[in-house]
Amino acid sequence: MALNDMESDVCDREDEGSTEPDVIAEGNILETFSESQETRSLICSLKNVYEDLTALEVTTQKFLVIMDKYQEQPHLLDPHLEWMLNLLLEIVRDKKSPPALAHLGFKFLYIISKVRGNKCFLRLFPHEVADVQPVLDLLCLQDPKGYETWETRYMLLLWLSMTCLIPFDLSRLDGNITAQSGQARVPIMDRILTVAKSYLTVSDKARDAAAVLVSKFVIRPDVKQKRLADFLDWNLSTLSQASYQTMEGTVVVDGMLQSLAQLFKHGKRDDFLPYAPTVLQCLDNCKLSESNQTILRKLGVKLVQRLGLTFLKPKVAKWRYQRGSRSLAANLSISTQGQPHAVEQNTELTDKEEEEGYDIPEEMEHVIEQLLVGLKDKDTIVRWSAAKGIGRVTGRLPKDLADDVVGSVLDCFSFKETDNAWHGGCLALAELGRRGLLLPSRLPDVVPVILKALTYDEKRGACSVGSNVRDAACYVCWAFARAYDPLELQPFVTPIACALVIAAVFDRDVNCRRAASAAFQENVGRQGTFPHGIDILTTADYFTVGNRTNCFLNISVYIASFPEYTQPMIDHLVSMKINHWDSVIREQATKALHNLTPKAPEYMAATVLPKLLPLAVGVDLHTRHGAILACAEITHALYKLALETNRPVTDFLKEASIEGLKGIHEKLFSKQQYRGFGGELMRPAVCSLIEKMSLSKMPYKNDPIIGGWQWLIDDSLKSIHLFSSAAKQKIKEAAVSALAALCSEYYQSAEGAVDPTIQDELVSRYIVQLQSTEEMTRCGYALALGALPQFMLCGKLQQVLEGLRKTTSISVKDVSFAEARRDALKATAQVCATVGVSLGGSPDSVVCEQNVPQIYSTLLECMRDYTTDSRGDVGSWVREAAITSLMKVTFLLVQSHPELISPDICSRMLCCLAQQSAEKIDRYRAHAGSVFLQILHFNNPAVPHIPHREELLRVFPSSEAETLNWNAPSQAFPHITQLLGMPAYQYHTLLGLSVSVGGLTESTVRFSAQSLFDYLKTIQQDVTAMNNFGCTLLQIFRDNVRNDRVSIPLLKMIDQMLANGCFDIFAKEENHQFGMDLLALCKEEIRKSKDIQKLRSSIAVFCGLIQFQGDIRKKVLLQLLLLLCHPFPVIRKTTASQVYEMLLIYDDVIDLAVMEEVMTMLSDTNWEAELTTVRTQRNQLCELLGVQKPTLVVKSLVQ
């Protein structure tokens, strides 16, 4: 019983561990089985739906969905299991039920058992004497190889295992075993055993149920006496003959091992002890440890531990450590009497004679050896099974032998061992500690090992291993909290607490951080001796440690405010994290050191920084990278701390540290460590160091090192294109930030001026590089110019703006340099913000009346950048930057001198924004719309000269400015189409809408078109408004003839508008100019075109133009007939099809007398045939339609 209790406890712990994250995350969201009525109706409907495959699938899926909801809380099903079982058994036991219906009933039974578990569900099955024969007969009728009915066989085997528990000799059920034919019948005992044996070798889940059946059937007294030896002999011979090298052999070995493990688990020791050595020998011969099948190795370990428990007497070790009592009442009574909570462990057995007379079998050495090998297995489930086996077996050993086992487990924690051995060792220690088998005398050996395991991290290629080791080490700490009295753990409280806090805050993996937090919480609750435990738990609980950045930068600062944790946390970051293989961890660690510096400034300056300086110029790349960043962050943090008391940073730093920081660049340069792959890390790291040294006002003014730093910045900006795409952005950003800080600190004199020579040389060099043949070089130098401080731009502003303007212009050689144009626009806005605005200032020094038009011209010109290449619409990057820069410059001018914004500039800016707000790409439409509304509603002061301001405020009230979702076409287009009614915005809004309405994205096309048509309905009877709209539409067409980006979607939009009758007011008028002009533009657009999409769109427009009255009809028909002889067969076929549909819709186009002949010719002619054949048919159509036949133009050869 004690063993069973312990085993069930282990199972509970396993279940608890496997589901804990989900339970904590989701909580107990269900209170009762609320779908009982629906479930009852589904089960009752099985008789009606089993023949209808569709209804059957729906019913099964509904039942599965209902049951799966209760996977986490299966106990809620308990009150309902009986009636569900009865309803289903009624189906399966009914002899009238067809086989398909019976199988369906068993399938539903399996689904329930899968959710609730076999142990609970099987107890409810009928298991009387009368049930044995029917269940056995039904099982014998099944096809063991039927792949669709495995649930039936699985449930029948489990049901049979329950009926086998009847307390009567099975021979009584045989009666007269002579059949009527005179042949002897097979006894039930043999029939059951035969069935079980046959199913132990099948390849489906019935094999697991057969193992359960064997474990309950063979250990019956009557069966055991007659068949146990024979069964074991059959089992071992089958096992020895099978090979795990084949799939069939693997299945057989699995079934044999499962049955043996179950038998040795549930059988009596005295019955199986004689066979244990033979089984162990056979198992050794199988050499399962060499198998690549995880499940076989796990079953092998499981069987070995069961054999070990069979060799040892089933008793609880009296020497084990016990904390308190299993009874809460007993613990409370002890505490009220003032007695200690820990029960003194017995170091000697009370019955020495019994101990002396009890010899440990020789086989135990081999058993323990196999379990120790299992601890190092490559798969977790094998290691976990071996750890449980170590715990169970050790609990039955004498104290000295048990201590040897502990020593062997500790041997797993060698750095010669793999991470698998460390993980298995942690699991074993947790099991031993949880069971009281790890005596307090062993804690001085165990705790240091666990502390190492909490930080175990081994790099393997591009990643690392060890997260499972750290997680298991947290489990050990969790187990120790429950196993030991606080007095026993008192000497180790501080190191364990610090290690758990460090793991909870600084571990790379979220599961390890959460495991450490849970272990810390358990120790705080159970031990009560962890320093500041409650305070830390409220900040670093299970949920807050989920965000790694928050852990490194915020939670760590709070915990470091407690002196017990400050230095260990800093030491861990310096020794374990700044040299981490993951660059993100290194960078976060250095930022954490920056935040922790105020907690221990003296320690940082006197100990940590001198330790980091040699590492910053060391051999290991990752360590060097992390150390340089850490030196920079710590120095800057010390400067901030010194600034609070108006002291220089040199008050904290020793002279050696100041010189060491200065010498980092020189040593790296001399070792040529800025080259190659290492340079991708060194350059941004040293640039960050330069930035932090400059911000910290280090005493390096006029020092030669400044020239070296400037060289590194310039060389990095010039060489960006040589580095990998992942490193380019980091190098560029770091170099630009370093330049701004370096110039501000070391190039400015005390009077605020700058050496003209340095200024001229630097600015001129940077402007020249803006025309580099490398795009990334242009990007870097453009951003560098934007980052220059005000005194460096004074007197050079006009040159800088002109250089940036040239970078934003598109030429043939640099048309694809979209990123350079984007960064130049960003720099333009930065430069304007840096120099400021002055109404009467010099254009070389400030933004003033003379250079405002030039600035706006540059920004507005880039709003028309629609460059595309293999990456797609790269011009969108430029447009986005132009929109942002326009907003920044406008707000800068408005807040200082709004009179510098002319009506023309404001109108052009708002029109461009309106166009972008109506275009098809959601992201850029949203950005443009947001900026449009910010400018409209800006009131500090208001932006002047906004056209139609009052109407715009009615369309976009301030209440909707923040809630309007521009990303959603359904919300954006109903608002933006209202701008069509405002003359100033009509052209640009319609231009943007044409791209959206004629686009490809279904939702954008649908909502933009619907919004446009809704607007046109409001003006359809207004001749003046329609004339203005028509003129605007035609003007857009004229301005974009043969501009495929606009013209193709424009043709699609016009086709939709014609189809929706938007121009009915024009179509009724004879020879309306709108139709004539539109026809002419369409003809011009498709002239000599070979674009299939454009030609198809124009055909649709021509067919729509047929609705216009007058001579235009003949011209339209002529164009369509010309297209019927187009060189492309697909165009000819499309034209014929659309003309056919057109004539059906507009039956007044041709004479009814020839209608039938024309329609027949259009539909029956093979328009994909040779041109000569097609041309004949086309000419006949010309005659029938009264259109002049086109004449074939013969090209004359030029001699």
# chains A, B, ... in the order shown; residues from 1 in each chain; ligands from 1

$ select_by_dssp --residues "range 766-854 of chain A" --states "alpha helix (DSSP H)" --output "VMD selection string"
chain A and resid 766 to 769 775 to 787 790 to 793 797 to 808 818 to 835 852 to 854

$ write_last_selection --atoms "C-alpha atoms" --output "JSON list (two decimals), in the first residue's frame"
[["chain", "number", "residue", "atom", "x", "y", "z"],
["A", 766, "TYR", "CA", 29.90, 64.06, -46.14],
["A", 767, "ILE", "CA", 28.12, 66.00, -48.91],
["A", 768, "VAL", "CA", 30.42, 64.47, -51.54],
["A", 769, "GLN", "CA", 29.62, 60.98, -50.22],
["A", 775, "GLU", "CA", 23.22, 53.09, -51.87],
["A", 776, "MET", "CA", 24.02, 52.20, -48.23],
["A", 777, "THR", "CA", 26.87, 54.71, -48.19],
["A", 778, "ARG", "CA", 24.42, 57.41, -49.25],
["A", 779, "CYS", "CA", 22.06, 56.29, -46.49],
["A", 780, "GLY", "CA", 24.73, 56.47, -43.82],
["A", 781, "TYR", "CA", 26.08, 59.87, -44.76],
["A", 782, "ALA", "CA", 22.60, 61.34, -45.22],
["A", 783, "LEU", "CA", 21.62, 60.31, -41.70],
["A", 784, "ALA", "CA", 24.99, 61.52, -40.43],
["A", 785, "LEU", "CA", 24.34, 64.99, -41.85],
["A", 786, "GLY", "CA", 20.93, 64.93, -40.21],
["A", 787, "ALA", "CA", 22.51, 64.11, -36.85],
["A", 790, "GLN", "CA", 23.57, 73.08, -34.77],
["A", 791, "PHE", "CA", 27.05, 74.61, -34.57],
["A", 792, "MET", "CA", 28.32, 72.17, -37.22],
["A", 793, "LEU", "CA", 25.53, 73.22, -39.63],
["A", 797, "LEU", "CA", 22.83, 74.77, -44.18],
["A", 798, "GLN", "CA", 22.27, 75.65, -47.82],
["A", 799, "GLN", "CA", 24.98, 73.24, -48.97],
["A", 800, "VAL", "CA", 23.57, 70.46, -46.79],
["A", 801, "LEU", "CA", 19.99, 70.97, -47.99],
["A", 802, "GLU", "CA", 21.10, 71.07, -51.61],
["A", 803, "GLY", "CA", 23.12, 67.90, -51.17],
["A", 804, "LEU", "CA", 20.16, 66.14, -49.58],
["A", 805, "ARG", "CA", 17.85, 67.43, -52.35],
["A", 806, "LYS", "CA", 20.11, 65.89, -55.01],
["A", 807, "THR", "CA", 20.04, 62.60, -53.10],
["A", 808, "THR", "CA", 16.23, 62.58, -53.17],
["A", 818, "ALA", "CA", 14.88, 54.19, -52.59],
["A", 819, "GLU", "CA", 16.46, 53.68, -49.16],
["A", 820, "ALA", "CA", 18.91, 56.53, -49.81],
["A", 821, "ARG", "CA", 16.06, 58.85, -50.80],
["A", 822, "ARG", "CA", 14.13, 57.80, -47.68],
["A", 823, "ASP", "CA", 17.05, 58.53, -45.35],
["A", 824, "ALA", "CA", 17.76, 61.84, -47.09],
["A", 825, "LEU", "CA", 14.18, 62.94, -46.39],
["A", 826, "LYS", "CA", 14.53, 61.96, -42.74],
["A", 827, "ALA", "CA", 17.78, 63.92, -42.58],
["A", 828, "THR", "CA", 16.12, 66.97, -44.14],
["A", 829, "ALA", "CA", 13.53, 67.11, -41.37],
["A", 830, "GLN", "CA", 16.21, 66.52, -38.72],
["A", 831, "VAL", "CA", 18.39, 69.31, -40.07],
["A", 832, "CYS", "CA", 15.44, 71.74, -40.06],
["A", 833, "ALA", "CA", 14.63, 70.84, -36.46],
["A", 834, "THR", "CA", 18.29, 71.24, -35.43],
["A", 835, "VAL", "CA", 18.92, 74.69, -36.93],
["A", 852, "VAL", "CA", 11.27, 77.18, -47.07],
["A", 853, "PRO", "CA", 10.03, 76.80, -50.70],
["A", 854, "GLN", "CA", 13.10, 74.66, -51.52]]

$ residues_around --residues "Val1174 in chain A" --least-positions-apart "5" --cutoff "10 Å" --atoms "only C-alpha atoms" --output "ChimeraX atom specification"
/A:1124-1126,1132,1165-1169,1179

$ write_last_selection --atoms "C-alpha atoms" --output "short mmCIF file (atom, residue, chain, number, x, y, z; two decimals), in the first residue's frame"
data_model
loop_
_atom_site.label_atom_id
_atom_site.label_comp_id
_atom_site.auth_asym_id
_atom_site.auth_seq_id
_atom_site.Cartn_x
_atom_site.Cartn_y
_atom_site.Cartn_z
CA LEU A 1124 -11.52 41.42 -83.33
CA CYS A 1125 -8.49 41.13 -85.61
CA HIS A 1126 -5.86 41.87 -82.96
CA ARG A 1132 -9.88 38.56 -80.20
CA THR A 1165 -16.76 31.85 -85.06
CA ASN A 1166 -13.46 30.50 -83.76
CA TRP A 1167 -11.80 33.82 -83.03
CA GLU A 1168 -8.56 32.07 -82.07
CA ALA A 1169 -8.13 30.79 -85.64
CA ASN A 1179 -15.47 42.13 -92.49
#

$ atom_distance --atom1 "CA of Phe891 in chain A" --atom2 "CA of His948 in chain A"
19.6 Å

$ residues_around --residues "range 572-574 of chain A" --least-positions-apart "5" --cutoff "9 Å" --atoms "only C-alpha atoms" --output "VMD selection string"
chain A and resid 502 506 567 579 586 589 to 590 592 to 593 608 611 to 612 626 to 627 630

$ residues_around --residues "Pro1049 in chain A" --least-positions-apart "6" --cutoff "9 Å" --atoms "only C-alpha atoms" --output "PyMOL selection string"
chain A and resi 994-999+1094+1097

$ write_last_selection --atoms "all heavy atoms" --output "short mmCIF file (atom, residue, chain, number, x, y, z; two decimals), in the first residue's frame"
data_model
loop_
_atom_site.label_atom_id
_atom_site.label_comp_id
_atom_site.auth_asym_id
_atom_site.auth_seq_id
_atom_site.Cartn_x
_atom_site.Cartn_y
_atom_site.Cartn_z
N SER A 994 -8.64 56.09 -57.94
CA SER A 994 -8.59 55.28 -59.16
C SER A 994 -7.67 54.08 -58.99
O SER A 994 -7.95 52.99 -59.49
CB SER A 994 -8.12 56.14 -60.34
OG SER A 994 -6.79 56.57 -60.14
N VAL A 995 -6.59 54.25 -58.23
CA VAL A 995 -5.66 53.14 -57.98
C VAL A 995 -6.31 52.11 -57.06
O VAL A 995 -6.08 50.90 -57.20
CB VAL A 995 -4.35 53.66 -57.38
CG1 VAL A 995 -3.40 52.51 -57.08
CG2 VAL A 995 -3.69 54.66 -58.32
N SER A 996 -7.12 52.57 -56.12
CA SER A 996 -7.78 51.65 -55.18
C SER A 996 -8.95 50.92 -55.84
O SER A 996 -9.08 49.70 -55.72
CB SER A 996 -8.28 52.42 -53.95
OG SER A 996 -7.21 52.98 -53.23
N VAL A 997 -9.80 51.66 -56.55
CA VAL A 997 -10.98 51.06 -57.18
C VAL A 997 -10.57 50.06 -58.25
O VAL A 997 -11.20 49.01 -58.43
CB VAL A 997 -11.90 52.14 -57.76
CG1 VAL A 997 -13.08 51.50 -58.49
CG2 VAL A 997 -12.40 53.07 -56.66
N GLY A 998 -9.50 50.36 -58.96
CA GLY A 998 -9.04 49.46 -60.01
C GLY A 998 -7.95 48.51 -59.56
O GLY A 998 -7.24 47.92 -60.38
N GLY A 999 -7.80 48.34 -58.25
CA GLY A 999 -6.74 47.48 -57.71
C GLY A 999 -7.10 46.01 -57.71
O GLY A 999 -8.05 45.57 -58.37
N LYS A 1094 -4.14 45.62 -69.97
CA LYS A 1094 -4.61 46.94 -70.42
C LYS A 1094 -5.61 46.80 -71.57
O LYS A 1094 -6.64 47.48 -71.60
CB LYS A 1094 -3.41 47.79 -70.86
CG LYS A 1094 -3.80 49.19 -71.30
CD LYS A 1094 -2.61 49.94 -71.86
CE LYS A 1094 -1.58 50.24 -70.82
NZ LYS A 1094 -0.48 51.10 -71.36
N SER A 1097 -8.96 45.63 -70.29
CA SER A 1097 -9.68 46.72 -69.60
C SER A 1097 -10.26 47.71 -70.60
O SER A 1097 -11.39 48.21 -70.42
CB SER A 1097 -8.72 47.44 -68.64
OG SER A 1097 -8.21 46.54 -67.67
#

$ residues_around --residues "Phe480 in chain A" --least-positions-apart "4" --cutoff "9 Å" --atoms "only C-alpha atoms" --output "PyMOL selection string"
chain A and resi 430+433-434+475-476+484+489+523

$ closest_residue --among "A:Leu312, A:Gln322, A:Gln916, A:Pro983" --to "Pro361 in chain A" --atoms "only C-alpha atoms"
A:Leu312

$ closest_residue --among "A:Asp379, A:Asp400, A:Glu849, A:Glu128" --to "Ala317 in chain A" --atoms "only C-alpha atoms"
A:Asp400

$ residues_around --residues "Leu1144 in chain A" --least-positions-apart "4" --cutoff "12 Å" --atoms "only C-alpha atoms" --output "list in words"
Cys1103, Ser1137, Gln1138, Val1139, Tyr1140, Asp1148, Val1149, Ile1150, Leu1152, Met1155, Glu1156, Val1158, Met1159 and Leu1162 of chain A
